[in-house]
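Q: Below is the file entry_38.txt, which contains compact mmCIF, C-alpha atoms.
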# COMPACT_ATOMS: atom_id res chain seq x y z
CA MET D 1 132.70 66.72 85.48
CA PRO D 2 130.35 68.49 87.84
CA GLU D 3 132.88 68.62 90.70
CA ASP D 4 135.28 70.40 88.38
CA GLU D 5 132.60 72.87 87.42
CA LEU D 6 131.83 73.58 91.03
CA LEU D 7 135.48 74.06 91.86
CA GLN D 8 135.95 76.37 88.90
CA GLY D 9 132.95 78.36 89.96
CA LEU D 10 134.21 78.73 93.51
CA ILE D 11 137.64 79.76 92.28
CA VAL D 12 136.08 82.38 90.03
CA ASP D 13 134.11 83.71 92.99
CA LEU D 14 137.26 83.92 95.06
CA ARG D 15 139.13 85.72 92.33
CA ARG D 16 136.30 88.09 91.61
CA GLY D 17 136.70 89.64 95.03
CA THR D 18 140.32 90.50 94.37
CA LEU D 19 139.87 92.08 90.97
CA VAL D 20 139.21 95.67 91.99
CA LEU D 21 142.10 95.78 94.42
CA ALA D 22 144.43 94.20 91.87
CA VAL D 23 143.47 96.65 89.16
CA MET D 24 143.76 99.66 91.43
CA SER D 25 147.19 98.55 92.59
CA SER D 26 148.44 98.75 89.03
CA LEU D 27 147.07 102.18 88.25
CA SER D 28 149.23 104.55 90.28
CA GLN D 29 150.56 105.62 86.87
CA PRO D 30 148.25 106.18 83.94
CA LYS D 31 147.82 103.13 81.72
CA TYR D 32 145.63 102.17 78.86
CA GLY D 33 143.56 98.99 78.76
CA TYR D 34 145.94 96.69 76.95
CA SER D 35 149.07 97.89 78.74
CA LEU D 36 147.34 97.31 82.07
CA LEU D 37 146.36 93.83 80.95
CA GLN D 38 149.93 93.02 80.00
CA ASP D 39 151.39 94.46 83.21
CA MET D 40 149.07 92.40 85.34
CA GLU D 41 149.78 89.23 83.39
CA ASN D 42 153.48 89.85 83.71
CA GLN D 43 153.06 90.02 87.46
CA GLY D 44 151.26 86.69 87.38
CA PHE D 45 147.73 87.97 87.90
CA ARG D 46 145.28 86.27 85.59
CA ILE D 47 142.51 88.46 84.27
CA GLU D 48 140.58 88.34 81.01
CA ALA D 49 140.28 91.22 78.61
CA ASN D 50 136.50 91.05 78.57
CA THR D 51 136.54 91.44 82.35
CA LEU D 52 139.16 94.17 82.61
CA TYR D 53 137.89 96.65 80.04
CA PRO D 54 134.35 96.87 81.42
CA LEU D 55 135.74 96.93 84.94
CA LEU D 56 137.82 100.02 84.19
CA ARG D 57 134.73 101.74 82.90
CA ARG D 58 132.74 100.79 85.96
CA LEU D 59 135.42 101.99 88.38
CA GLU D 60 135.50 105.28 86.53
CA SER D 61 131.76 105.65 86.82
CA GLN D 62 132.14 105.04 90.56
CA GLY D 63 134.67 107.86 90.81
CA LEU D 64 137.67 105.71 91.66
CA LEU D 65 139.43 106.24 88.35
CA GLN D 66 139.83 109.06 85.93
CA SER D 67 140.40 108.77 82.23
CA GLN D 68 141.52 110.82 79.27
CA TRP D 69 141.90 110.10 75.64
CA ASP D 70 145.39 110.54 74.28
CA THR D 71 145.13 111.54 70.66
CA ALA D 72 148.79 112.45 70.26
CA GLU D 73 149.91 109.01 69.11
CA SER D 74 149.08 107.36 65.81
CA ARG D 75 146.11 105.66 67.42
CA PRO D 76 143.93 107.30 70.07
CA ARG D 77 144.18 105.57 73.42
CA LYS D 78 142.16 105.92 76.60
CA TYR D 79 144.38 106.22 79.65
CA TYR D 80 143.11 105.45 83.15
CA HIS D 81 144.63 106.42 86.47
CA LEU D 82 143.56 106.54 90.11
CA SER D 83 141.60 109.61 91.16
CA ASP D 84 142.47 111.31 94.44
CA TRP D 85 139.57 109.69 96.14
CA GLY D 86 140.46 106.42 94.43
CA ARG D 87 143.93 106.65 95.93
CA THR D 88 142.54 107.09 99.43
CA LEU D 89 140.15 104.23 98.97
CA TYR D 90 142.86 102.04 97.57
CA THR D 91 145.02 102.53 100.66
CA ARG D 92 142.17 101.58 102.95
CA LEU D 93 141.20 98.65 100.79
CA ARG D 94 144.75 97.37 100.83
CA GLU D 95 144.83 97.58 104.63
CA GLU D 96 141.60 95.66 104.78
CA TRP D 97 143.00 93.05 102.43
CA ARG D 98 146.04 92.52 104.63
CA ARG D 99 143.79 92.17 107.66
CA MET D 100 141.63 89.63 105.85
CA THR D 101 144.65 87.68 104.70
CA ARG D 102 145.88 87.40 108.28
CA GLU D 103 142.45 86.25 109.40
CA MET D 104 142.32 83.65 106.67
CA GLU D 105 145.81 82.43 107.41
CA ASN D 106 144.88 81.94 111.04
CA LEU D 107 141.81 80.00 110.04
CA LEU D 108 143.46 77.93 107.38
CA GLY D 109 146.56 77.41 109.45
CA GLU D 110 144.47 75.93 112.27
CA ASP D 111 143.06 73.41 109.89
CA GLU D 112 146.40 72.02 108.95
CA GLU D 113 147.27 71.34 112.53
CA LYS D 114 144.38 68.90 112.82
CA MET O 1 138.94 92.17 58.05
CA SER O 2 138.25 95.33 59.91
CA GLU O 3 134.71 94.42 59.02
CA LEU O 4 135.00 91.52 61.44
CA ILE O 5 136.09 93.93 64.14
CA ALA O 6 133.30 96.33 63.33
CA ARG O 7 130.78 93.53 63.42
CA TYR O 8 132.10 92.31 66.76
CA ILE O 9 131.94 95.74 68.32
CA HIS O 10 128.49 96.28 66.92
CA ASP O 11 127.30 93.00 68.41
CA VAL O 12 128.50 94.22 71.79
CA THR O 13 127.17 97.76 71.67
CA ARG O 14 123.76 96.92 70.27
CA ARG O 15 122.98 95.28 73.60
CA LEU O 16 123.88 98.39 75.56
CA PRO O 17 122.10 101.67 76.26
CA GLU O 18 122.35 104.11 73.41
CA LYS O 19 124.24 106.86 75.21
CA GLU O 20 127.06 104.47 76.08
CA ARG O 21 127.54 102.98 72.65
CA GLU O 22 129.79 105.53 71.04
CA GLU O 23 132.27 105.65 73.91
CA ILE O 24 132.44 101.89 74.30
CA LYS O 25 132.92 101.53 70.57
CA ARG O 26 135.92 103.84 70.67
CA GLU O 27 137.39 102.04 73.66
CA LEU O 28 137.00 98.62 72.11
CA GLU O 29 138.43 99.77 68.79
CA ALA O 30 141.49 101.10 70.60
CA SER O 31 141.90 98.03 72.79
CA ILE O 32 141.48 95.56 69.94
CA ALA O 33 143.95 97.50 67.82
CA ASP O 34 146.42 97.29 70.70
CA MET O 35 145.95 93.54 70.93
CA LEU O 36 146.76 93.09 67.23
CA PRO O 37 150.22 93.22 65.67
CA ASP O 38 150.98 95.80 62.98
CA ASN O 39 149.50 94.65 59.70
CA PRO O 40 147.48 91.88 61.26
CA SER O 41 146.37 88.94 59.20
CA GLU O 42 142.81 87.73 59.19
CA GLN O 43 143.78 84.86 61.44
CA ASP O 44 145.26 87.33 63.93
CA VAL O 45 141.98 89.19 64.02
CA ILE O 46 140.03 85.98 64.44
CA ASP O 47 142.28 84.89 67.27
CA VAL O 48 141.98 88.17 69.14
CA LEU O 49 138.22 88.38 68.73
CA THR O 50 137.81 84.77 69.80
CA ASN O 51 139.96 85.48 72.83
CA LEU O 52 137.73 88.40 73.74
CA GLY O 53 134.87 85.97 73.97
CA PRO O 54 131.16 86.16 73.22
CA PRO O 55 129.87 89.69 72.61
CA ALA O 56 126.89 88.89 74.81
CA LYS O 57 129.18 88.21 77.73
CA MET O 58 131.19 91.36 77.10
CA ALA O 59 128.02 93.42 76.94
CA GLU O 60 126.81 91.91 80.18
CA GLN O 61 130.03 93.00 81.87
CA TYR O 62 129.60 96.51 80.52
CA ARG O 63 126.09 96.79 81.79
CA GLN O 64 125.87 98.88 84.91
CA LYS O 65 122.48 97.68 85.99
CA PRO O 66 121.49 94.01 85.83
CA ARG O 67 118.47 93.33 83.69
CA TYR O 68 115.34 92.14 85.42
CA LEU O 69 111.73 92.72 84.67
CA ILE O 70 111.06 92.70 88.38
CA SER O 71 114.09 92.73 90.65
CA PRO O 72 114.60 90.27 93.52
CA ALA O 73 113.91 93.02 96.04
CA LEU O 74 110.40 93.58 94.71
CA PHE O 75 109.69 90.04 93.60
CA ASP O 76 108.29 88.69 96.87
CA THR O 77 105.89 91.58 97.15
CA TYR O 78 104.93 91.11 93.51
CA ILE O 79 104.03 87.46 93.97
CA HIS O 80 102.12 88.29 97.13
CA VAL O 81 100.04 90.95 95.39
CA LEU O 82 99.49 88.68 92.40
CA LYS O 83 98.12 85.88 94.57
CA LEU O 84 95.76 88.32 96.20
CA VAL O 85 94.51 90.31 93.25
CA VAL O 86 94.17 87.70 90.48
CA PRO O 87 91.62 85.42 92.20
CA ILE O 88 89.54 88.38 93.30
CA VAL O 89 89.39 89.96 89.87
CA ALA O 90 88.80 86.60 88.20
CA GLY O 91 85.95 85.88 90.61
CA VAL O 92 84.39 89.29 90.15
CA LEU O 93 84.49 89.12 86.36
CA ALA O 94 83.11 85.59 86.42
CA CYS O 95 80.18 86.74 88.58
CA ILE O 96 79.54 89.75 86.37
CA GLY O 97 79.56 87.50 83.34
CA VAL O 98 77.10 85.12 84.96
CA PHE O 99 74.69 87.84 85.99
CA GLY O 100 74.92 89.40 82.57
CA GLU O 101 74.13 86.09 80.93
CA ILE O 102 71.26 85.29 83.26
CA PHE O 103 69.55 88.61 82.73
CA SER O 104 70.22 88.71 79.03
CA ASP O 105 67.77 87.74 76.38
CA SER O 106 68.84 84.19 75.78
CA VAL O 107 69.88 82.08 78.69
CA SER O 108 71.36 78.64 78.50
CA ILE O 109 73.41 76.44 80.80
CA GLY O 110 76.15 76.39 78.21
CA GLY O 111 76.11 80.16 78.06
CA VAL O 112 76.38 80.48 81.80
CA ILE O 113 79.27 78.05 82.04
CA GLY O 114 80.94 79.79 79.15
CA LYS O 115 80.57 83.14 80.85
CA ILE O 116 82.05 81.74 84.06
CA PHE O 117 85.17 80.44 82.36
CA GLY O 118 85.44 83.40 80.04
CA GLY O 119 85.08 85.88 82.87
CA ALA O 120 87.50 84.05 85.11
CA ILE O 121 90.17 83.68 82.45
CA GLU O 122 89.86 87.25 81.24
CA GLY O 123 89.90 88.52 84.82
CA ALA O 124 92.97 86.48 85.67
CA LEU O 125 94.87 87.60 82.57
CA GLN O 126 94.00 91.25 82.99
CA ALA O 127 94.88 91.28 86.66
CA ALA O 128 98.17 89.47 86.08
CA PHE O 129 99.11 91.82 83.27
CA TRP O 130 98.41 95.04 85.11
CA VAL O 131 100.05 93.91 88.35
CA THR O 132 103.16 92.84 86.43
CA LEU O 133 103.23 96.08 84.51
CA GLY O 134 102.86 98.11 87.67
CA PHE O 135 105.74 96.35 89.38
CA ALA O 136 107.96 96.50 86.30
CA VAL O 137 107.42 100.25 86.11
CA ALA O 138 108.09 100.68 89.81
CA ASP O 139 111.27 98.68 89.41
CA TYR O 140 112.34 100.73 86.42
CA PHE O 141 112.05 103.91 88.39
CA GLY O 142 114.11 102.39 91.14
CA TYR O 143 111.43 102.12 93.75
CA ASN O 144 112.75 99.62 96.18
CA ILE O 145 110.30 98.37 98.75
CA SER O 146 112.84 96.73 101.00
CA ASP O 147 114.77 100.00 101.16
CA TYR O 148 111.57 101.74 102.04
CA ALA O 149 110.79 99.16 104.69
CA LEU O 150 114.25 99.35 106.16
CA LYS O 151 113.98 103.07 106.56
CA GLN O 152 110.89 102.65 108.70
CA LYS O 153 112.26 100.99 111.78
CA PRO O 154 114.63 98.19 112.57
CA TRP O 155 113.26 94.71 112.85
CA THR O 156 112.59 93.51 116.37
CA ILE O 157 111.57 90.13 117.65
CA ASP O 158 107.99 91.09 118.34
CA ARG O 159 107.36 91.53 114.63
CA LEU O 160 107.49 87.79 114.12
CA PRO O 161 104.14 86.50 112.87
CA PRO O 162 102.56 83.57 114.73
CA LEU O 163 102.88 80.07 113.33
CA PRO O 164 100.12 79.42 110.80
CA ASP O 165 98.24 76.44 112.05
CA GLN O 166 98.96 76.07 115.68
CA ARG O 167 95.29 75.92 116.46
CA GLN O 168 93.82 72.57 117.16
CA GLY O 169 90.86 71.05 115.53
CA VAL O 170 89.59 69.44 112.41
CA LYS O 171 90.40 71.75 109.54
CA ILE O 172 87.98 72.97 106.96
CA SER O 173 89.67 73.46 103.62
CA ARG O 174 89.57 77.03 102.40
CA PRO O 175 88.86 76.17 98.77
CA SER O 176 85.83 74.14 99.75
CA ALA O 177 84.44 77.03 101.78
CA ILE O 178 85.08 79.46 98.93
CA VAL O 179 83.43 77.09 96.47
CA GLY O 180 80.49 76.76 98.85
CA MET O 181 80.07 80.51 98.98
CA SER O 182 80.30 80.83 95.22
CA LEU O 183 77.75 78.08 94.69
CA SER O 184 75.36 79.68 97.16
CA VAL O 185 75.53 82.97 95.36
CA PHE O 186 75.40 81.38 91.96
CA PHE O 187 72.45 79.10 92.46
CA THR O 188 70.46 81.66 94.40
CA ALA O 189 70.94 84.15 91.61
CA LEU O 190 70.13 81.51 89.02
CA PHE O 191 66.87 80.37 90.60
CA VAL O 192 65.64 83.85 91.42
CA ALA O 193 66.40 84.97 87.89
CA MET O 194 64.59 82.01 86.42
CA ILE O 195 61.49 82.63 88.54
CA VAL O 196 61.46 86.33 87.81
CA ARG O 197 61.73 85.72 84.10
CA GLY O 198 59.11 83.04 84.20
CA GLU O 199 61.44 80.45 82.78
CA SER O 200 62.57 77.27 84.35
CA PHE O 201 64.94 74.46 83.63
CA PHE O 202 62.79 71.99 85.45
CA VAL O 203 60.23 71.41 82.79
CA PHE O 204 58.48 68.61 81.10
CA THR O 205 57.06 68.72 77.66
CA HIS O 206 53.76 67.20 76.81
CA ASN O 207 52.33 67.50 73.35
CA SER O 208 54.61 70.45 72.72
CA VAL O 209 53.27 72.21 75.77
CA ILE O 210 55.85 73.14 78.36
CA ILE O 211 54.79 72.27 81.86
CA SER O 212 56.63 73.35 84.95
CA PRO O 213 56.08 71.20 88.01
CA PHE O 214 55.79 74.16 90.37
CA SER O 215 53.10 76.79 90.12
CA GLN O 216 54.20 80.28 89.26
CA ALA O 217 52.36 81.70 92.25
CA ALA O 218 54.19 79.42 94.63
CA LEU O 219 57.48 80.17 92.96
CA ASP O 220 56.92 83.88 93.28
CA ARG O 221 56.17 83.51 96.98
CA ALA O 222 59.24 81.35 97.37
CA ILE O 223 61.67 84.02 96.25
CA PRO O 224 62.35 85.49 99.71
CA TYR O 225 62.96 81.98 101.03
CA ILE O 226 65.35 81.19 98.23
CA LEU O 227 67.19 84.37 99.10
CA LEU O 228 67.17 83.18 102.69
CA PHE O 229 68.75 79.86 101.67
CA GLY O 230 71.38 81.74 99.70
CA ALA O 231 72.12 83.97 102.65
CA LEU O 232 72.36 80.99 104.98
CA GLY O 233 74.74 79.22 102.62
CA LEU O 234 76.84 82.33 102.27
CA VAL O 235 77.03 82.95 105.99
CA MET O 236 77.76 79.34 106.89
CA ASN O 237 80.55 79.05 104.36
CA GLY O 238 81.82 82.45 105.33
CA LEU O 239 82.06 81.30 108.94
CA LYS O 240 83.78 78.12 107.83
CA LEU O 241 86.26 80.17 105.84
CA TYR O 242 86.87 82.57 108.66
CA TRP O 243 87.38 80.03 111.42
CA GLY O 244 88.95 77.40 109.22
CA ARG O 245 88.23 74.59 111.63
CA TRP O 246 85.41 73.03 113.56
CA THR O 247 84.73 74.83 116.82
CA VAL O 248 81.80 74.79 119.18
CA PRO O 249 80.43 78.13 117.95
CA LEU O 250 80.68 76.92 114.36
CA CYS O 251 78.93 73.70 115.29
CA ILE O 252 76.10 75.58 116.94
CA ALA O 253 75.81 77.84 113.92
CA ASN O 254 75.61 74.81 111.69
CA ILE O 255 72.86 73.28 113.83
CA VAL O 256 70.86 76.49 113.64
CA ASN O 257 71.51 76.66 109.90
CA ASN O 258 70.19 73.15 109.38
CA ILE O 259 67.13 73.67 111.60
CA VAL O 260 66.24 76.84 109.72
CA TRP O 261 66.58 75.46 106.22
CA VAL O 262 64.78 72.25 106.99
CA SER O 263 61.88 74.05 108.65
CA VAL O 264 61.51 76.46 105.77
CA ALA O 265 61.87 73.73 103.16
CA ILE O 266 59.25 71.53 104.80
CA THR O 267 56.91 74.48 105.16
CA ILE O 268 57.24 75.20 101.47
CA LEU O 269 56.63 71.55 100.70
CA HIS O 270 53.33 71.81 102.50
CA TRP O 271 52.03 74.73 100.51
CA PRO O 272 48.79 73.60 98.93
CA ASP O 273 49.48 75.44 95.72
CA LEU O 274 53.06 74.28 95.38
CA LEU O 275 52.39 72.08 92.40
CA ASP O 276 51.10 73.45 89.16
CA GLN O 277 47.56 72.37 88.30
CA GLU O 278 48.60 71.51 84.78
CA PHE O 279 51.38 69.40 86.14
CA ILE O 280 48.99 67.49 88.39
CA VAL O 281 46.71 66.89 85.44
CA TRP O 282 49.61 65.66 83.35
CA VAL O 283 50.89 63.32 86.03
CA SER O 284 47.44 61.96 86.77
CA ALA O 285 47.28 60.96 83.14
CA PHE O 286 50.12 58.59 83.86
CA ILE O 287 48.80 57.39 87.20
CA ASP O 288 45.51 56.82 85.49
CA ASP O 289 43.50 57.22 88.65
CA ALA O 290 41.05 59.48 90.46
CA ASP O 291 42.02 62.73 92.13
CA ILE O 292 41.80 61.20 95.59
CA LEU O 293 44.53 58.71 94.87
CA LEU O 294 46.65 61.49 93.45
CA TYR O 295 46.13 63.52 96.59
CA ILE O 296 47.36 60.64 98.71
CA THR O 297 50.30 60.15 96.40
CA GLN O 298 51.01 63.83 96.58
CA GLY O 299 50.84 63.62 100.37
CA ARG O 300 53.27 60.72 100.33
CA VAL O 301 55.64 62.59 98.09
CA VAL O 302 55.65 65.49 100.50
CA LEU O 303 56.33 63.12 103.37
CA PHE O 304 59.09 61.47 101.42
CA PHE O 305 60.92 64.66 100.68
CA SER O 306 60.39 65.94 104.20
CA ALA O 307 62.03 62.82 105.48
CA VAL O 308 64.90 63.21 103.07
CA PHE O 309 65.49 66.79 104.17
CA ILE O 310 65.36 65.90 107.84
CA LEU O 311 67.72 63.02 107.29
CA ALA O 312 70.17 65.19 105.38
CA ALA O 313 70.06 67.84 108.07
CA MET O 314 70.56 65.33 110.85
CA LEU O 315 73.49 63.82 108.99
CA ASP O 316 75.09 67.21 108.55
CA ILE O 317 74.52 68.08 112.20
CA GLY O 318 75.90 64.73 113.25
CA VAL O 319 79.04 65.08 111.16
CA SER O 320 79.69 68.57 112.44
CA ILE O 321 79.24 67.46 116.06
CA TRP O 322 81.61 64.58 115.44
CA ASN O 323 84.22 66.84 113.86
CA THR O 324 83.92 69.36 116.64
CA TRP O 325 84.22 66.75 119.35
CA ARG O 326 87.10 65.01 117.65
CA GLY O 327 89.09 68.14 117.14
CA ASN O 328 88.66 69.68 120.51
CA LYS O 329 89.15 66.89 122.95
CA GLU O 330 92.43 66.86 124.78
CA VAL O 331 95.04 64.73 123.12
CA THR O 332 96.51 62.35 125.62
CA VAL O 333 99.34 60.04 124.88
Before we go any further, please render this structure as structure tokens.
A:
Amino acid sequence: MPEDELLQGLIVDLRRGTLVLAVMSSLSQPKYGYSLLQDMENQGFRIEANTLYPLLRRLESQGLLQSQWDTAESRPRKYYHLSDWGRTLYTRLREEWRRMTREMENLLGEDEEK
Amino acid sequence: MSELIARYIHDVTRRLPEKEREEIKRELEASIADMLPDNPSEQDVIDVLTNLGPPAKMAEQYRQKPRYLISPALFDTYIHVLKLVVPIVAGVLACIGVFGEIFSDSVSIGGVIGKIFGGAIEGALQAAFWVTLGFAVADYFGYNISDYALKQKPWTIDRLPPLPDQRQGVKISRPSAIVGMSLSVFFTALFVAMIVRGESFFVFTHNSVIISPFSQAALDRAIPYILLFGALGLVMNGLKLYWGRWTVPLCIANIVNNIVWVSVAITILHWPDLLDQEFIVWVSAFIDDADILLYITQGRVVLFFSAVFILAAMLDIGVSIWNTWRGNKEVTV
């Protein structure tokens, strides 16, 4: 139904804004793609593989993450972690998120009183 | 089975820039291997690949830059330039085609019309192609006009353009004025060319002899006046295009225009050598009468056409006065 489609689209838009913050929050220790995916799912955050893997690459190209290939194990794996600058940015982003959440709660809370 | 994986990865990377392919291939191989159990079955592979979703979508996520021919930032400017350049080039090529055809060895109405359409279409296509190419190249090299504009100075309220048609008055449609100008140029060129080349469309044939109604001498003398008519038409339509509505100055110009063309036309009508002698002979064969009667008839014909011209001019003047008055009186509720 078209209303469902619209709702799904709006929900996707909402979620899209939280992706970068969510990913960065999980990367204080180095992780590889699949382990990050599993960790986030275990914490209840829904993200698709075909979104996460390209996102990691993009964040690296923006300087927020750093990567290295680990060839010690049986299979080579690419580990990502926050860069120094990424760490700084993450802190500020998290602050901003908390501010926004308070703003939204005020707004949404008002509505329920009506 | 690993062939499926290889094919999947290939379908993703083939859509991506070449320098990124190798790295992304390695990443995907590692990630997919992680998502599979040890000794995966074919069904496991199928499940994982299906879960990853369409390669096209994956590739789109990997792409750093979105793919446009002409990006949204430049698109408005592109359309604007297109609307400006294409009609001009089409018009110019159509005119060139017409003049080429008229002054070529074999002229025909069909040829002229063909050259008009051919020139216009070719002009339009060429212009559209080169403008598009130019903008696509500019976009590729990252030239962003809105960035450039923003760097100039911040927008302030006085940069607002005025509303388009706040002026009062009866409007004159732009296309009709443009068509008028084109026709003036076209027919002037056509008639002058025909006279200069000694050919004419207005002919009669009699016993396989081609007779033109007007004498060549008169036609030759008429050339400056034909040019005058063309110039008048051009100027009048140009004024109509420029002002876009009926105003008092435009009305006065139109009155002058009509007075001039009618006076000149009637003067030409009264030239004694206007009609070709052969033509008179040919017509008198039909009338089957003496020269005197023909002279009277000829006189009447001149009177008739004079009256028609004067009537047409008065009508045009009247309509323009009416439009001017109607548009410019105060509107009271």
Q: Kindly give the distance, in Å, that separates CA of Val319 (chain O) and CA of Arg245 (chain O), rounded to a single decimal.
A: 13.2 Å
Q: Just need the residues of chain O within 8 Å of chain D, counting all atoms listed in the file, so spit them out as an NGL selection string.
A: :O and (27 or 30-31 or 34-35 or 52-53 or 57-58 or 61-62 or 64)
Q: Within 12 Å of (52.3, 83.3, 90.8) (coordinates as in the file), grab all the protein and nucleic acid residues, counting only C-alpha atoms, and write them out as a tab-separated table (two decimals) with C-alpha atoms, in the coordinates of the input.
A:
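Printed below is part20.tsv as written:
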chain	number	residue	atom	x	y	z
O	195	ILE	CA	61.49	82.63	88.54
O	196	VAL	CA	61.46	86.33	87.81
O	197	ARG	CA	61.73	85.72	84.10
O	198	GLY	CA	59.11	83.04	84.20
O	214	PHE	CA	55.79	74.16	90.37
O	215	SER	CA	53.10	76.79	90.12
O	216	GLN	CA	54.20	80.28	89.26
O	217	ALA	CA	52.36	81.70	92.25
O	218	ALA	CA	54.19	79.42	94.63
O	219	LEU	CA	57.48	80.17	92.96
O	220	ASP	CA	56.92	83.88	93.28
O	221	ARG	CA	56.17	83.51	96.98
O	222	ALA	CA	59.24	81.35	97.37
O	223	ILE	CA	61.67	84.02	96.25
O	273	ASP	CA	49.48	75.44	95.72
O	274	LEU	CA	53.06	74.28	95.38
O	275	LEU	CA	52.39	72.08	92.40
O	276	ASP	CA	51.10	73.45	89.16
Q: CA of Glu23 (chain O) to CA of Leu64 (chain D): how many Å, to one decimal?
A: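 Between these atoms lies a distance of 18.6 Å.
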Q: May I ask which of the residues O:Trp246, O:Phe186, O:Phe229, O:Trp271 is the closest one to Ile113 (chain O), counting all atoms listed in the file?
A: O:Phe186
Q: Quick one: of D:Gln68, D:Gly44, D:Gly17, D:Gly9, who's nearest to Pro30 (chain D), counting only C-alpha atoms?
A: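 Once distances to Pro30 (chain D) are computed over only C-alpha atoms, the minimum belongs to D:Gln68.
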Q: Return the single residue from O:Ile310, O:Val81, O:Val302, O:Ile70 that is closest to Asn258 (chain O), with distances computed using all atoms listed in the file.
A: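 So, comparing all the options, the nearest one is O:Ile310.
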Q: Excluding Phe45 (chain D) and residues on its chain fewer than 4 positions from it, collect all residues at most 10 Å away from it, counting all atoms listed in the file, and give them as an MDAnalysis selection string.
A: chainID D and resid 15 19 22:23 37:41
Q: Quote the spacing between CA of His10 (chain O) and CA of Ala72 (chain D) in Å to one decimal place.
A: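 Separating CA of His10 (chain O) from CA of Ala72 (chain D) is a distance of 26.2 Å.
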Q: For Asp84 (chain D), which of D:Gln66, D:Thr71, D:Thr101, D:Asn106 is the closest residue, counting all atoms listed in the file?
A: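 Going through D:Gln66, D:Thr71, D:Thr101, D:Asn106 one by one, the smallest distance to Asp84 (chain D) is for D:Gln66.
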